[in-house]
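The structure under discussion appears below in the form of structure tokens.
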Amino acid sequence: MSGGFGYLARRAAQKERVRILYRRALKDTLNWAVHRHLFYQDASELREKFEANRDVDDADRIDRMIEQAEATYEKFRHPDPYIVPWAPGGSKFTRNPAPPAGIEIVYDFGKEDND
């Protein structure tokens, strides 16, 4: 194990990649699990996979492991992920949009003052 700024920067970048990969995989697990009790079991198994390699110190080996894990994640991603209905891409997104600017809604149509 060597010191130096380059080594520390590389390790920080690796930790960030692992964190992002874990969060993506965990969120994708929700797409595959229909019920919460199934999700909790899958999430625990996913965590165990990440924890098993926590003490690896070789930076080159870590890079290879991250690349393999990212490839595996891409291979097994859910083809139709769940999207919250009101989020962009959801079924309710912009279903009832606000009227465009400049259009006035008249609630008393036909009851105008005719002076």
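The chains in the structure tokens are called A, B, ... from first to last as shown; in each chain the residues are counted from 1, and the ligands are counted from 1 in the order shown.
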
Shell around A:Ile66 at 10 Å using only C-alpha atoms, local window under 6 positions removed, as a PyMOL selection string
chain A and resi 14-15+17-18+21+60+72

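Every protein or nucleic acid residue with an atom no more than 12 Å from A:Asp80, counting only C-alpha atoms and leaving out same-chain residues fewer than 4 positions away, appears here: Asp28, Leu30, Asn31, Trp32, Phe76, Gly89 and Gly90 of chain A.
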
Please produce a file of those selected residues containing C-alpha atoms, as a PDB file, in the first residue's frame.
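As written to disk, out-v2.pdb reads:
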ATOM      1  CA  ASP A  28     -33.171  -1.581  -8.788  1.00  0.00           C
ATOM      2  CA  LEU A  30     -37.105  -2.558  -5.471  1.00  0.00           C
ATOM      3  CA  ASN A  31     -38.141  -3.024  -9.117  1.00  0.00           C
ATOM      4  CA  TRP A  32     -37.679  -6.796  -8.900  1.00  0.00           C
ATOM      5  CA  PHE A  76     -29.439  -7.651 -14.816  1.00  0.00           C
ATOM      6  CA  GLY A  89     -41.824   9.497 -17.182  1.00  0.00           C
ATOM      7  CA  GLY A  90     -44.628   8.469 -14.813  1.00  0.00           C
TER       8      GLY A  90
END

Determine, counting only C-alpha atoms, which protein, DNA and RNA residues have an atom within 9 Å of an atom of A:Leu46; residues of the same chain fewer than 2 positions away are not included. Present the result as a PyMOL selection string.
chain A and resi 22+25-26+29+41-44+48-51

Mind writing the picked residues with all heavy atoms as an mmCIF file, in the first residue's frame?
data_model
loop_
_atom_site.group_PDB
_atom_site.id
_atom_site.type_symbol
_atom_site.label_atom_id
_atom_site.label_comp_id
_atom_site.auth_asym_id
_atom_site.auth_seq_id
_atom_site.Cartn_x
_atom_site.Cartn_y
_atom_site.Cartn_z
ATOM 1 N N TYR A 22 -23.776 0.715 -5.463
ATOM 2 C CA TYR A 22 -24.602 0.085 -4.426
ATOM 3 C C TYR A 22 -25.987 0.718 -4.386
ATOM 4 O O TYR A 22 -27.001 0.019 -4.332
ATOM 5 C CB TYR A 22 -23.924 0.206 -3.057
ATOM 6 C CG TYR A 22 -24.776 -0.336 -1.944
ATOM 7 C CD1 TYR A 22 -24.971 -1.709 -1.810
ATOM 8 C CD2 TYR A 22 -25.410 0.505 -1.044
ATOM 9 C CE1 TYR A 22 -25.771 -2.220 -0.794
ATOM 10 C CE2 TYR A 22 -26.211 0.007 -0.037
ATOM 11 C CZ TYR A 22 -26.387 -1.352 0.083
ATOM 12 O OH TYR A 22 -27.188 -1.843 1.074
ATOM 13 N N ALA A 25 -28.004 -0.364 -7.463
ATOM 14 C CA ALA A 25 -28.412 -1.768 -7.355
ATOM 15 C C ALA A 25 -29.507 -1.932 -6.306
ATOM 16 O O ALA A 25 -30.449 -2.702 -6.506
ATOM 17 C CB ALA A 25 -27.203 -2.629 -7.012
ATOM 18 N N LEU A 26 -29.405 -1.198 -5.216
ATOM 19 C CA LEU A 26 -30.411 -1.287 -4.168
ATOM 20 C C LEU A 26 -31.756 -0.761 -4.669
ATOM 21 O O LEU A 26 -32.801 -1.379 -4.446
ATOM 22 C CB LEU A 26 -29.957 -0.510 -2.933
ATOM 23 C CG LEU A 26 -30.775 -0.687 -1.667
ATOM 24 C CD1 LEU A 26 -30.754 -2.141 -1.217
ATOM 25 C CD2 LEU A 26 -30.243 0.209 -0.573
ATOM 26 N N THR A 29 -33.286 -3.209 -6.978
ATOM 27 C CA THR A 29 -33.841 -4.357 -6.266
ATOM 28 C C THR A 29 -35.318 -4.125 -5.963
ATOM 29 O O THR A 29 -36.121 -5.058 -5.999
ATOM 30 C CB THR A 29 -33.054 -4.607 -4.968
ATOM 31 O OG1 THR A 29 -31.688 -4.817 -5.297
ATOM 32 C CG2 THR A 29 -33.557 -5.816 -4.231
ATOM 33 N N GLN A 41 -34.977 -9.131 2.083
ATOM 34 C CA GLN A 41 -34.100 -10.285 1.924
ATOM 35 C C GLN A 41 -33.082 -10.033 0.803
ATOM 36 O O GLN A 41 -31.884 -10.274 0.975
ATOM 37 C CB GLN A 41 -34.937 -11.522 1.611
ATOM 38 C CG GLN A 41 -34.132 -12.780 1.434
ATOM 39 C CD GLN A 41 -35.017 -13.974 1.094
ATOM 40 O OE1 GLN A 41 -36.236 -13.880 1.100
ATOM 41 N NE2 GLN A 41 -34.387 -15.093 0.802
ATOM 42 N N ASP A 42 -33.550 -9.533 -0.339
ATOM 43 C CA ASP A 42 -32.646 -9.248 -1.461
ATOM 44 C C ASP A 42 -31.652 -8.148 -1.111
ATOM 45 O O ASP A 42 -30.488 -8.203 -1.505
ATOM 46 C CB ASP A 42 -33.442 -8.856 -2.709
ATOM 47 C CG ASP A 42 -34.265 -10.006 -3.265
ATOM 48 O OD1 ASP A 42 -34.005 -11.160 -2.889
ATOM 49 O OD2 ASP A 42 -35.168 -9.736 -4.082
ATOM 50 N N ALA A 43 -32.107 -7.148 -0.370
ATOM 51 C CA ALA A 43 -31.228 -6.049 0.025
ATOM 52 C C ALA A 43 -30.130 -6.545 0.968
ATOM 53 O O ALA A 43 -28.978 -6.113 0.861
ATOM 54 C CB ALA A 43 -32.040 -4.937 0.684
ATOM 55 N N SER A 44 -30.480 -7.463 1.856
ATOM 56 C CA SER A 44 -29.477 -8.030 2.763
ATOM 57 C C SER A 44 -28.428 -8.831 1.990
ATOM 58 O O SER A 44 -27.230 -8.740 2.273
ATOM 59 C CB SER A 44 -30.142 -8.933 3.797
ATOM 60 O OG SER A 44 -30.956 -8.177 4.646
ATOM 61 N N GLU A 48 -24.403 -8.046 1.694
ATOM 62 C CA GLU A 48 -23.385 -9.051 2.005
ATOM 63 C C GLU A 48 -22.364 -9.169 0.875
ATOM 64 O O GLU A 48 -21.169 -9.334 1.133
ATOM 65 C CB GLU A 48 -24.043 -10.412 2.256
ATOM 66 C CG GLU A 48 -24.782 -10.488 3.565
ATOM 67 C CD GLU A 48 -25.566 -11.781 3.716
ATOM 68 O OE1 GLU A 48 -25.425 -12.682 2.863
ATOM 69 O OE2 GLU A 48 -26.325 -11.887 4.694
ATOM 70 N N LYS A 49 -22.817 -9.067 -0.365
ATOM 71 C CA LYS A 49 -21.894 -9.124 -1.505
ATOM 72 C C LYS A 49 -20.908 -7.960 -1.465
ATOM 73 O O LYS A 49 -19.722 -8.122 -1.749
ATOM 74 C CB LYS A 49 -22.661 -9.112 -2.828
ATOM 75 C CG LYS A 49 -23.409 -10.385 -3.106
ATOM 76 C CD LYS A 49 -24.177 -10.274 -4.407
ATOM 77 C CE LYS A 49 -25.015 -11.499 -4.664
ATOM 78 N NZ LYS A 49 -25.822 -11.368 -5.892
ATOM 79 N N PHE A 50 -21.401 -6.776 -1.125
ATOM 80 C CA PHE A 50 -20.523 -5.607 -1.054
ATOM 81 C C PHE A 50 -19.591 -5.696 0.154
ATOM 82 O O PHE A 50 -18.416 -5.359 0.053
ATOM 83 C CB PHE A 50 -21.353 -4.320 -1.022
ATOM 84 C CG PHE A 50 -21.754 -3.825 -2.387
ATOM 85 C CD1 PHE A 50 -22.824 -4.377 -3.050
ATOM 86 C CD2 PHE A 50 -21.051 -2.814 -3.011
ATOM 87 C CE1 PHE A 50 -23.204 -3.942 -4.294
ATOM 88 C CE2 PHE A 50 -21.403 -2.359 -4.266
ATOM 89 C CZ PHE A 50 -22.489 -2.929 -4.908
ATOM 90 N N GLU A 51 -20.126 -6.131 1.280
ATOM 91 C CA GLU A 51 -19.320 -6.220 2.503
ATOM 92 C C GLU A 51 -18.225 -7.274 2.384
ATOM 93 O O GLU A 51 -17.183 -7.151 3.022
ATOM 94 C CB GLU A 51 -20.205 -6.529 3.706
ATOM 95 C CG GLU A 51 -21.094 -5.377 4.137
ATOM 96 C CD GLU A 51 -20.337 -4.201 4.716
ATOM 97 O OE1 GLU A 51 -19.237 -4.390 5.274
ATOM 98 O OE2 GLU A 51 -20.845 -3.076 4.604
#

What parts of stretch 8-95 of chain A does DSSP call helix (DSSP H, G or I)? I'd like the answer as a PyMOL selection string.
chain A and resi 8-32+36-51+59-75
